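Below is the file input30.txt, which contains compact mmCIF, C-alpha atoms.
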```txt
# COMPACT_ATOMS: atom_id res chain seq x y z
CA MET A 1 -52.91 -29.91 -10.34
CA ILE A 2 -51.95 -32.97 -8.26
CA LYS A 3 -48.43 -32.90 -9.73
CA VAL A 4 -47.94 -29.21 -8.88
CA GLU A 5 -49.09 -29.69 -5.26
CA SER A 6 -46.76 -32.67 -4.94
CA GLN A 7 -43.80 -30.55 -6.07
CA ARG A 8 -44.67 -27.82 -3.54
CA LEU A 9 -44.94 -30.38 -0.76
CA GLU A 10 -41.55 -31.85 -1.63
CA GLN A 11 -39.90 -28.48 -0.99
CA HIS A 12 -40.94 -28.63 2.70
CA VAL A 13 -39.96 -32.16 3.67
CA ASN A 14 -36.65 -33.92 4.23
CA VAL A 15 -36.12 -35.16 0.72
CA GLN A 16 -32.48 -35.21 -0.42
CA PRO A 17 -32.19 -33.76 -3.94
CA VAL A 18 -29.77 -34.95 -6.59
CA GLN A 19 -26.21 -34.05 -5.57
CA PRO A 20 -24.68 -31.24 -7.66
CA GLU A 21 -21.31 -31.82 -9.32
CA ASN A 22 -18.89 -30.15 -6.90
CA SER A 23 -15.76 -31.69 -5.37
CA ASN A 24 -16.11 -29.55 -2.23
CA ILE A 25 -19.49 -31.06 -1.21
CA LEU A 26 -19.21 -32.98 2.03
CA ALA A 27 -22.72 -33.96 3.02
CA TYR A 28 -26.39 -33.11 2.79
CA ASP A 29 -27.85 -31.35 5.84
CA ALA A 30 -31.43 -32.62 5.95
CA THR A 31 -32.42 -30.27 8.77
CA GLN A 32 -31.37 -27.19 6.83
CA ARG A 33 -32.19 -28.84 3.48
CA ARG A 34 -28.87 -27.80 1.95
CA TRP A 35 -25.57 -29.24 0.79
CA VAL A 36 -22.56 -28.60 3.06
CA TYR A 37 -19.56 -27.19 1.17
CA SER A 38 -16.08 -27.27 2.72
CA THR A 39 -12.56 -28.57 2.31
CA HIS A 40 -12.32 -30.37 5.64
CA ILE A 41 -14.66 -32.44 7.80
CA THR A 42 -14.04 -34.22 11.11
CA ASP A 43 -16.09 -35.17 14.13
CA ARG A 44 -14.50 -32.17 15.88
CA ASN A 45 -15.32 -29.70 13.08
CA PRO A 46 -18.10 -31.17 10.91
CA TYR A 47 -18.59 -28.11 8.69
CA GLY A 48 -14.96 -26.98 8.28
CA ALA A 49 -15.55 -23.75 10.20
CA VAL A 50 -12.72 -21.52 11.46
CA ILE A 51 -12.24 -22.16 15.20
CA PHE A 52 -10.42 -19.57 17.34
CA ARG A 53 -7.82 -21.29 19.54
CA GLY A 54 -6.31 -18.17 21.14
CA THR A 55 -2.57 -17.61 21.64
CA GLN A 56 -0.25 -20.31 20.32
CA ASP A 57 1.38 -22.56 22.89
CA PRO A 58 4.85 -20.98 23.52
CA THR A 59 6.50 -24.42 23.63
CA TYR A 60 5.14 -25.19 20.13
CA THR A 61 4.18 -28.72 21.14
CA GLU A 62 0.39 -28.30 21.15
CA GLN A 63 -1.52 -29.86 18.26
CA TYR A 64 -3.50 -27.50 16.01
CA TYR A 65 -5.97 -28.64 13.40
CA GLU A 66 -6.93 -27.50 9.94
CA HIS A 67 -9.01 -24.27 10.11
CA ASP A 68 -7.82 -23.37 13.63
CA LEU A 69 -7.30 -19.61 14.05
CA VAL A 70 -4.28 -18.80 16.22
CA VAL A 71 -2.33 -15.74 17.41
CA ASP A 72 1.46 -15.84 17.79
CA GLY A 73 2.98 -12.49 18.78
CA ASP A 74 2.26 -9.95 16.04
CA TYR A 75 0.89 -12.58 13.67
CA THR A 76 -2.52 -14.18 13.25
CA GLY A 77 -3.01 -17.21 11.03
CA ILE A 78 -5.23 -20.10 10.02
CA ALA A 79 -3.92 -23.67 9.98
CA LEU A 80 -3.98 -25.18 6.49
CA VAL A 81 -3.27 -28.70 7.83
CA ASP A 82 -2.98 -30.36 11.23
CA THR A 83 0.28 -29.04 12.67
CA THR A 84 2.50 -28.24 15.65
CA ASP A 85 4.63 -25.75 13.65
CA LYS A 86 5.27 -22.23 14.90
CA LEU A 87 2.93 -19.71 13.26
CA ALA A 88 5.12 -16.58 13.44
CA PRO A 89 7.90 -16.41 10.80
CA ILE A 90 11.47 -16.93 12.00
CA GLY A 91 14.45 -14.79 10.95
CA GLN A 92 17.28 -16.68 9.23
CA GLY A 93 20.87 -15.39 9.25
CA ASP A 94 22.13 -11.85 9.64
CA THR A 95 20.46 -8.56 8.80
CA TYR A 96 22.12 -6.78 5.85
CA ASN A 97 21.82 -3.92 3.35
CA VAL A 98 20.88 -4.94 -0.20
CA TYR A 99 23.18 -2.38 -1.85
CA GLN A 100 26.94 -2.78 -1.37
CA GLY A 101 28.24 -0.43 -4.09
CA SER A 102 30.40 2.72 -4.06
CA SER A 103 27.49 5.23 -4.18
CA PRO A 104 28.36 7.36 -7.25
CA THR A 105 26.09 10.43 -7.64
CA ALA A 106 24.56 12.30 -10.57
CA SER A 107 22.25 15.30 -10.88
CA THR A 108 18.95 16.18 -12.56
CA THR A 109 17.28 19.57 -12.87
CA ALA A 110 13.66 19.30 -11.72
CA LYS A 111 11.03 20.59 -9.32
CA LYS A 112 11.06 17.25 -7.55
CA LEU A 113 12.98 14.03 -8.13
CA THR A 114 11.41 10.64 -7.44
CA PHE A 115 13.80 7.72 -6.92
CA GLY A 116 13.69 4.29 -5.31
CA ALA A 117 13.45 0.59 -6.01
CA VAL A 118 11.01 -2.21 -6.71
CA TYR A 119 11.75 -5.40 -4.75
CA ASN A 120 10.22 -8.64 -6.02
CA ALA A 121 10.62 -11.12 -3.16
CA GLN A 122 12.03 -14.38 -4.48
CA GLU A 123 11.68 -15.78 -0.98
CA ALA A 124 10.12 -14.56 2.26
CA LEU A 125 12.01 -11.80 4.02
CA PHE A 126 11.82 -9.29 6.87
CA ILE A 127 12.36 -5.58 6.23
CA HIS A 128 13.91 -4.13 9.39
CA GLY A 129 14.64 -0.67 8.04
CA TYR A 130 15.98 1.32 5.14
CA ARG A 131 18.67 3.89 4.45
CA LEU A 132 18.56 7.00 2.32
CA TYR A 133 21.42 8.80 0.59
CA GLN A 134 20.61 12.40 1.43
CA ILE A 135 22.03 15.78 0.45
CA ALA A 136 22.21 18.47 3.15
CA GLY A 137 19.50 21.08 2.59
CA ASN A 138 17.21 18.87 0.50
CA VAL A 139 13.70 17.99 1.67
CA TYR A 140 12.82 14.27 1.54
CA SER A 141 9.54 12.37 1.80
CA VAL A 142 9.77 8.57 1.81
CA TYR A 143 6.91 6.27 0.78
CA LYS A 144 6.17 2.56 0.58
CA MET A 145 3.72 0.43 -1.39
CA ILE A 146 3.11 -3.33 -1.05
CA ASP A 147 1.52 -5.38 -3.86
CA ASN A 148 0.03 -2.31 -5.61
CA GLY A 149 -1.76 -1.19 -2.45
CA ALA A 150 -2.07 2.38 -1.23
CA ILE A 151 1.07 4.54 -1.16
CA THR A 152 1.76 5.49 2.46
CA GLN A 153 4.30 7.94 3.82
CA LEU A 154 7.04 6.77 6.19
CA ILE A 155 8.80 10.06 6.96
CA SER A 156 9.26 13.64 5.73
CA TYR A 157 12.19 15.88 6.77
CA GLU A 158 14.92 18.31 5.69
CA ALA A 159 18.40 16.75 5.63
CA SER A 160 21.13 18.34 7.72
CA THR A 161 24.00 16.10 6.51
CA THR A 162 25.13 14.43 3.28
CA GLY A 163 25.51 10.65 2.93
CA TRP A 164 23.69 7.44 3.85
CA VAL A 165 21.37 7.73 6.85
CA ASP A 166 19.65 4.70 8.43
CA GLN A 167 15.93 4.92 9.18
CA PRO A 168 14.44 2.14 11.36
CA VAL A 169 10.86 1.05 10.76
CA ASP A 170 8.48 -1.44 12.33
CA THR A 171 9.48 -4.83 10.95
CA VAL A 172 7.55 -5.75 7.79
CA LEU A 173 7.12 -9.34 6.58
CA VAL A 174 7.22 -9.65 2.79
CA PRO A 175 6.02 -13.12 1.69
CA SER A 176 7.60 -14.86 -1.26
CA GLY A 177 6.12 -13.57 -4.52
CA SER A 178 5.18 -10.16 -3.10
CA GLU A 179 6.27 -6.80 -4.51
CA PHE A 180 7.57 -4.06 -2.21
CA VAL A 181 8.15 -0.55 -3.57
CA LEU A 182 10.20 1.96 -1.58
CA PHE A 183 10.78 5.44 -2.98
CA ALA A 184 11.59 9.01 -2.01
CA ILE A 185 10.59 12.38 -3.45
CA THR A 186 13.10 15.17 -2.92
CA ASN A 187 13.44 18.85 -3.75
CA LEU A 188 15.40 21.93 -2.70
CA PRO A 189 13.28 24.22 -0.53
CA ASN A 190 12.61 27.62 -2.10
CA PRO A 191 13.75 30.47 0.19
CA THR A 192 10.89 32.57 -1.25
CA PRO A 193 8.14 30.03 -1.97
CA ILE A 194 5.30 30.91 -4.32
CA THR A 195 2.09 30.03 -2.47
CA TRP A 196 -1.61 30.87 -2.45
CA ASP A 197 -4.54 29.87 -0.24
CA GLY A 198 -8.19 28.97 -0.74
CA ASN A 199 -11.10 27.56 1.26
CA TRP A 200 -12.92 24.39 0.19
CA ASN A 201 -15.30 21.95 1.88
CA TYR A 202 -13.14 18.83 2.33
CA THR A 203 -15.16 15.60 1.91
CA VAL A 204 -14.21 11.91 2.01
CA PRO A 205 -17.06 10.01 0.27
CA GLN A 206 -16.83 6.30 -0.38
CA ASN A 207 -16.90 6.61 -4.17
CA ALA A 208 -15.32 9.07 -6.60
CA ASP A 209 -17.62 11.67 -8.18
CA VAL A 210 -17.58 15.22 -9.57
CA PRO A 211 -16.93 17.76 -6.79
CA VAL A 212 -19.68 20.37 -6.49
CA ILE A 213 -19.01 24.11 -6.16
CA GLY A 214 -16.87 24.75 -3.09
CA GLU A 215 -15.90 21.09 -2.62
CA ALA A 216 -12.51 19.37 -2.34
CA MET A 217 -13.29 15.66 -2.66
CA HIS A 218 -10.94 12.87 -1.54
CA PRO A 219 -12.70 9.54 -2.22
CA THR A 220 -12.03 6.58 0.04
CA LYS A 221 -11.94 4.23 -2.96
CA ALA A 222 -9.56 6.54 -4.89
CA LEU A 223 -7.07 7.78 -2.30
CA GLY A 224 -4.62 8.90 -4.96
CA SER A 225 -7.16 11.35 -6.39
CA LEU A 226 -7.69 14.78 -4.78
CA ARG A 227 -10.45 16.70 -6.62
CA PHE A 228 -11.07 20.46 -6.42
CA ASN A 229 -13.99 22.30 -7.94
CA LYS A 230 -12.62 25.41 -9.65
CA THR A 231 -14.94 27.56 -7.51
CA ASP A 232 -13.95 27.68 -3.84
CA SER A 233 -16.37 27.71 -0.90
CA ASP A 234 -16.26 31.53 -0.79
CA GLY A 235 -17.58 31.70 -4.35
CA GLY A 236 -14.21 32.68 -5.86
CA ASP A 237 -13.15 31.49 -9.31
CA ARG A 238 -9.77 29.75 -8.80
CA SER A 239 -9.51 28.32 -12.32
CA VAL A 240 -6.30 30.11 -13.33
CA GLU A 241 -4.45 29.19 -10.15
CA LEU A 242 -5.55 25.55 -10.08
CA GLU A 243 -4.82 25.01 -13.77
CA ALA A 244 -1.29 26.41 -13.31
CA LEU A 245 -0.31 23.67 -10.85
CA SER A 246 1.78 20.79 -12.19
CA ALA A 247 3.68 17.67 -11.11
CA GLY A 248 6.06 18.47 -8.26
CA ASP A 249 3.92 21.22 -6.72
CA THR A 250 2.35 20.69 -3.29
CA ILE A 251 -1.03 20.94 -1.57
CA SER A 252 -1.28 21.34 2.21
CA GLY A 253 -4.35 21.28 4.44
CA VAL A 254 -6.45 19.23 6.91
CA GLY A 255 -3.25 17.99 8.55
CA MET A 256 -1.67 16.68 5.34
CA ASP A 257 1.04 17.66 2.85
CA TRP A 258 0.47 16.12 -0.58
CA THR A 259 2.82 16.15 -3.58
CA ILE A 260 1.16 16.41 -6.98
CA GLN A 261 2.09 13.54 -9.32
CA ALA A 262 -0.11 14.48 -12.27
CA THR A 263 -3.00 16.83 -13.12
CA THR A 264 -6.19 16.48 -15.19
CA ASP A 265 -8.36 19.44 -16.22
CA ASN A 266 -12.04 18.46 -16.23
CA VAL A 267 -13.45 21.87 -17.25
CA THR A 268 -15.25 22.67 -13.97
CA TRP A 269 -12.87 20.82 -11.64
CA MET A 270 -9.27 19.66 -11.37
CA ASN A 271 -8.09 16.18 -10.50
CA PHE A 272 -4.70 15.93 -8.79
CA ALA A 273 -2.96 12.56 -8.53
CA VAL A 274 -1.20 12.83 -5.16
CA VAL A 275 1.07 11.07 -2.71
CA PRO A 276 0.77 10.02 -0.01
CA GLN A 277 -2.48 8.27 -0.78
CA GLU A 278 -3.94 9.16 2.59
CA GLN A 279 -6.92 11.27 3.67
CA GLY A 280 -6.66 14.25 5.99
CA ALA A 281 -8.88 15.33 8.89
CA PRO A 282 -11.19 16.84 9.86
CA THR A 283 -13.74 17.11 7.08
CA GLY A 284 -15.59 20.37 6.47
CA VAL A 285 -14.55 23.79 5.24
CA ALA A 286 -10.77 24.22 5.52
CA THR A 287 -7.97 26.37 4.14
CA PHE A 288 -5.67 24.73 1.59
CA THR A 289 -2.23 26.11 0.71
CA PHE A 290 -0.82 25.48 -2.77
CA GLU A 291 2.90 25.88 -3.49
CA THR A 292 4.55 26.13 -6.89
CA VAL A 293 7.99 24.52 -6.56
CA SER A 294 10.91 25.97 -8.54
CA PRO A 295 13.20 23.65 -10.57
CA ALA A 296 16.70 23.10 -9.18
CA GLU A 297 19.69 20.79 -9.62
CA ILE A 298 19.07 17.71 -7.48
CA PHE A 299 21.71 15.04 -6.73
CA THR A 300 21.22 11.38 -5.77
CA VAL A 301 23.05 8.06 -6.09
CA VAL A 302 23.01 6.65 -9.63
CA ASP A 303 24.92 3.36 -9.88
CA VAL A 304 24.33 2.33 -13.51
CA GLY A 305 23.67 -1.35 -14.16
CA TYR A 306 24.21 -2.40 -10.54
CA HIS A 307 21.20 -4.76 -10.62
CA ALA A 308 21.70 -6.06 -14.17
CA GLY A 309 20.58 -9.69 -14.37
CA ASP A 310 18.93 -9.60 -10.94
CA PRO A 311 15.19 -10.35 -11.25
CA ALA A 312 14.55 -9.41 -7.62
CA ILE A 313 15.42 -5.68 -7.74
CA GLN A 314 14.83 -2.82 -10.20
CA GLY A 315 15.53 0.86 -9.76
CA ILE A 316 13.08 3.69 -10.41
CA ILE A 317 13.76 7.38 -11.09
CA GLY A 318 11.78 10.22 -12.63
CA ALA A 319 11.76 14.01 -12.68
CA ASP A 320 8.39 15.75 -12.20
CA VAL A 321 6.38 12.66 -13.16
CA SER A 322 3.94 10.32 -11.47
CA ILE A 323 5.34 7.18 -9.86
CA ASP A 324 2.94 5.26 -12.14
CA ASP A 325 4.71 6.61 -15.24
CA ILE A 326 8.24 5.58 -14.24
CA VAL A 327 9.71 2.61 -16.12
CA PRO A 328 11.95 0.47 -13.83
CA ASP A 329 15.57 -0.13 -14.87
CA ASP A 330 18.60 -2.03 -13.55
CA ASN A 331 20.27 0.92 -11.81
CA GLN A 332 20.68 1.51 -8.08
CA TYR A 333 19.49 4.87 -6.74
CA GLY A 334 19.77 6.57 -3.36
CA ILE A 335 17.55 4.32 -1.26
CA ASP A 336 18.27 0.88 0.14
CA LEU A 337 16.61 -1.79 2.30
CA THR A 338 17.86 -3.48 5.45
CA ILE A 339 16.56 -7.05 5.24
CA GLN A 340 16.77 -10.55 6.70
CA GLN A 341 15.64 -13.83 5.20
CA ALA A 342 12.50 -15.29 6.83
CA SER A 343 11.30 -18.84 7.29
CA ILE A 344 7.52 -19.36 7.14
CA SER A 345 5.85 -22.69 7.85
CA PRO A 346 3.75 -23.88 4.89
CA ASP A 347 1.25 -25.24 7.43
CA TRP A 348 -0.12 -21.74 8.18
CA PHE A 349 -1.88 -19.01 6.22
CA ILE A 350 -0.81 -15.70 7.79
CA LEU A 351 -3.52 -13.06 7.68
CA PRO A 352 -2.56 -9.59 6.36
```

Taking this structure as input, can you express it in the form of structure tokens?
Amino acid sequence: MIKVESQRLEQHVNVQPVQPENSNILAYDATQRRWVYSTHITDRNPYGAVIFRGTQDPTYTEQYYEHDLVVDGDYTGIALVDTTDKLAPIGQGDTYNVYQGSSPTASTTAKKLTFGAVYNAQEALFIHGYRLYQIAGNVYSVYKMIDNGAITQLISYEASTTGWVDQPVDTVLVPSGSEFVLFAITNLPNPTPITWDGNWNYTVPQNADVPVIGEAMHPTKALGSLRFNKTDSDGGDRSVELEALSAGDTISGVGMDWTIQATTDNVTWMNFAVVPQEQGAPTGVATFTFETVSPAEIFTVVDVGYHAGDPAIQGIIGADVSIDDIVPDDNQYGIDLTIQQASISPDWFILP
């Protein structure tokens, strides 16, 4: 009994316990009765906490210390060591297009053609824009994806001319070791499109689940999955129409136009893999329009073997398939980046 009471008493007094085996332990805080874990300790910052220092000195002469949080233009970063280096990356050399070939073209018969490139950054670079080889009369939607994140749409339009067309974008920093995917989906518009409408209750729950009767579910944690119960909100059985949709067809509603990448029949509901991987608005009962796209002969640049032996760039192309099912190759297709090399100080960790 005396031993037990002694142990209880020891828990409430300043008694330093045996130090655990951990290289990141700095000290024992007797007041809080806990070990302090960090990677940096000074009189100025005894617990290695992040300290906000505001906007970086524009002369780049002010001293910053490890764990300082600083803003420099469009960039925010944390100092990894004591430094006076500039936080924001610096462009090196001229801006240029990656592809310098002769732009030969080839055709494929499909509802929709997906083509683009996967860029594996061997060193840090800025993306200042891109260019697309377009065919007059074709409809194009351009998408980007960084490090297997969500697929977001950059632009969608019908081309009025044929040839390379530059498209500026907000400058994107791609750190060394990152993967940047840029691709387009194109089709020929049908002068007499085959469409049908239906009403569903559009929801955006956090997690994916089975949509109930009358529901069109677009989960926040599964943005590439648009789920329709086969019964619409008016009580109509839409099984035949939903099951007839396939890759290349489109779904429009709640301010969005999605392209179907793949379909899965789950008996009472359909799952459509879609791009862009973005939710619409508002939620609630809304009318959705479904279009069946007709196959047509589609042209784009196909420069065979242009990137052979280059580990930094691979081409991607596929007819009526999901972007996830396309196997990269060493060809150049009708999309190209405008880039510039970037210099990043190793003294800073730039926040996404």

Residue contacts of Asp320 in chain A (6 Å, only C-alpha atoms) excluding same-chain residues fewer than 6 positions away, as a list in words: Lys112, Ala247 and Gly248 of chain A

As a VMD selection string, please: the residues near Thr289 in chain A (cut-off 8 Å, all atoms listed in the file, same-chain neighbours under 5 positions excluded). chain A and resid 195 to 198 251 to 253

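With only C-alpha atoms as the atoms that count, the minimum distance from Ile90 in chain A to the choices A:Ile135, A:Ala342, A:Leu351, A:Val118 is reached by A:Ala342.
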
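Going from CA of Gln63 in chain A to CA of Ala124 in chain A covers 25.0 Å.
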
Given the choices A:Gln341, A:Gln153, A:Gln314, A:Thr300, which gets closest to Val174 in chain A if the distance is worked out from all atoms listed in the file? A:Gln341

Within 10 Å of Ser107 in chain A using only C-alpha atoms, minus same-chain residues under 2 positions, as a PDB file with C-alpha atoms, in the coordinates of the input:
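Contents of the output file result13.pdb:
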```
ATOM      1  CA  THR A 105      26.090  10.430  -7.640  1.00  0.00           C
ATOM      2  CA  THR A 109      17.280  19.570 -12.870  1.00  0.00           C
ATOM      3  CA  ALA A 110      13.660  19.300 -11.720  1.00  0.00           C
ATOM      4  CA  LEU A 113      12.980  14.030  -8.130  1.00  0.00           C
ATOM      5  CA  ALA A 296      16.700  23.100  -9.180  1.00  0.00           C
ATOM      6  CA  GLU A 297      19.690  20.790  -9.620  1.00  0.00           C
ATOM      7  CA  ILE A 298      19.070  17.710  -7.480  1.00  0.00           C
ATOM      8  CA  PHE A 299      21.710  15.040  -6.730  1.00  0.00           C
ATOM      9  CA  THR A 300      21.220  11.380  -5.770  1.00  0.00           C
ATOM     10  CA  VAL A 301      23.050   8.060  -6.090  1.00  0.00           C
ATOM     11  CA  VAL A 302      23.010   6.650  -9.630  1.00  0.00           C
TER      12      VAL A 302
END
```

Can you list, as an NGL selection string, every protein, DNA or RNA residue that comes within 9 Å of range 155-167 of chain A when you count all atoms listed in the file, leaving out same-chain residues fewer than 3 positions away? :A and (129-143 or 189 or 334-335 or 338)

Show me, as an NGL selection string, the residues that have an atom within 7 Å of Ile339 in chain A when counting only C-alpha atoms, minus same-chain residues fewer than 6 positions from it. :A and (95-97 or 125-128)

Work out where the centre of an axis-aligned box around every listed atom of range 293-309 of chain A lies and how long its edges are once 6 Å is added on each side; give both in Å to one decimal as lines of an AutoDock Vina configuration file.
```
center_x = 16.5
center_y = 8.1
center_z = -10.1
size_x = 28.9
size_y = 47.7
size_z = 20.6
```

Which is closest to Ser343 in chain A among A:Ala184, A:Ala88, A:Ala216, A:Val274, if we use only C-alpha atoms?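 Comparing A:Ala184, A:Ala88, A:Ala216, A:Val274 against Ser343 in chain A, the winner is A:Ala88.
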
Could you check how far CA of Ala319 in chain A sits from CA of Phe272 in chain A, in Å to one decimal? 17.0 Å

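Reported to one decimal place, the separation of CA of Gly224 in chain A from CA of Val254 in chain A is 15.8 Å.
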
Could range 175-198 of chain A be completed with N, CA and C atoms and written as a tab-separated table (two decimals), keeping the file's coordinate frame, please?
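rebuild-v8.tsv, freshly written:
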```
chain	number	residue	atom	x	y	z
A	175	PRO	N	6.06	-11.71	2.10
A	175	PRO	CA	6.02	-13.12	1.69
A	175	PRO	C	6.65	-13.32	0.32
A	176	SER	N	7.07	-14.52	0.05
A	176	SER	CA	7.60	-14.86	-1.26
A	176	SER	C	6.56	-14.55	-2.34
A	177	GLY	N	7.02	-13.92	-3.43
A	177	GLY	CA	6.12	-13.57	-4.52
A	177	GLY	C	5.51	-12.19	-4.41
A	178	SER	N	5.73	-11.51	-3.28
A	178	SER	CA	5.18	-10.16	-3.10
A	178	SER	C	6.09	-9.11	-3.73
A	179	GLU	N	5.50	-7.93	-3.98
A	179	GLU	CA	6.27	-6.80	-4.51
A	179	GLU	C	6.25	-5.67	-3.49
A	180	PHE	N	7.43	-5.15	-3.18
A	180	PHE	CA	7.57	-4.06	-2.21
A	180	PHE	C	8.26	-2.90	-2.92
A	181	VAL	N	7.59	-1.74	-2.93
A	181	VAL	CA	8.15	-0.55	-3.57
A	181	VAL	C	8.50	0.47	-2.49
A	182	LEU	N	9.73	0.94	-2.52
A	182	LEU	CA	10.20	1.96	-1.58
A	182	LEU	C	10.77	3.10	-2.41
A	183	PHE	N	10.26	4.32	-2.20
A	183	PHE	CA	10.78	5.44	-2.98
A	183	PHE	C	10.73	6.73	-2.19
A	184	ALA	N	11.52	7.69	-2.64
A	184	ALA	CA	11.59	9.01	-2.01
A	184	ALA	C	11.30	10.07	-3.06
A	185	ILE	N	10.74	11.19	-2.61
A	185	ILE	CA	10.59	12.38	-3.45
A	185	ILE	C	11.37	13.49	-2.76
A	186	THR	N	12.26	14.14	-3.51
A	186	THR	CA	13.10	15.17	-2.92
A	186	THR	C	13.08	16.44	-3.75
A	187	ASN	N	13.31	17.55	-3.09
A	187	ASN	CA	13.44	18.85	-3.75
A	187	ASN	C	14.28	19.77	-2.88
A	188	LEU	N	14.72	20.88	-3.46
A	188	LEU	CA	15.40	21.93	-2.70
A	188	LEU	C	14.35	22.95	-2.27
A	189	PRO	N	14.28	23.24	-0.99
A	189	PRO	CA	13.28	24.22	-0.53
A	189	PRO	C	13.56	25.60	-1.12
A	190	ASN	N	12.49	26.28	-1.53
A	190	ASN	CA	12.61	27.62	-2.10
A	190	ASN	C	12.65	28.65	-0.96
A	191	PRO	N	13.71	29.48	-0.90
A	191	PRO	CA	13.75	30.47	0.19
A	191	PRO	C	12.61	31.49	0.11
A	192	THR	N	12.05	31.67	-1.08
A	192	THR	CA	10.89	32.57	-1.25
A	192	THR	C	9.80	31.80	-1.99
A	193	PRO	N	9.11	30.89	-1.30
A	193	PRO	CA	8.14	30.03	-1.97
A	193	PRO	C	6.97	30.82	-2.56
A	194	ILE	N	6.46	30.32	-3.67
A	194	ILE	CA	5.30	30.91	-4.32
A	194	ILE	C	4.07	30.14	-3.87
A	195	THR	N	3.25	30.74	-3.02
A	195	THR	CA	2.09	30.03	-2.47
A	195	THR	C	0.83	30.88	-2.61
A	196	TRP	N	-0.32	30.19	-2.52
A	196	TRP	CA	-1.61	30.87	-2.45
A	196	TRP	C	-2.57	29.99	-1.67
A	197	ASP	N	-3.60	30.59	-1.09
A	197	ASP	CA	-4.54	29.87	-0.24
A	197	ASP	C	-5.96	29.92	-0.82
A	198	GLY	N	-6.77	28.96	-0.40
A	198	GLY	CA	-8.19	28.97	-0.74
A	198	GLY	C	-8.96	28.07	0.21
```
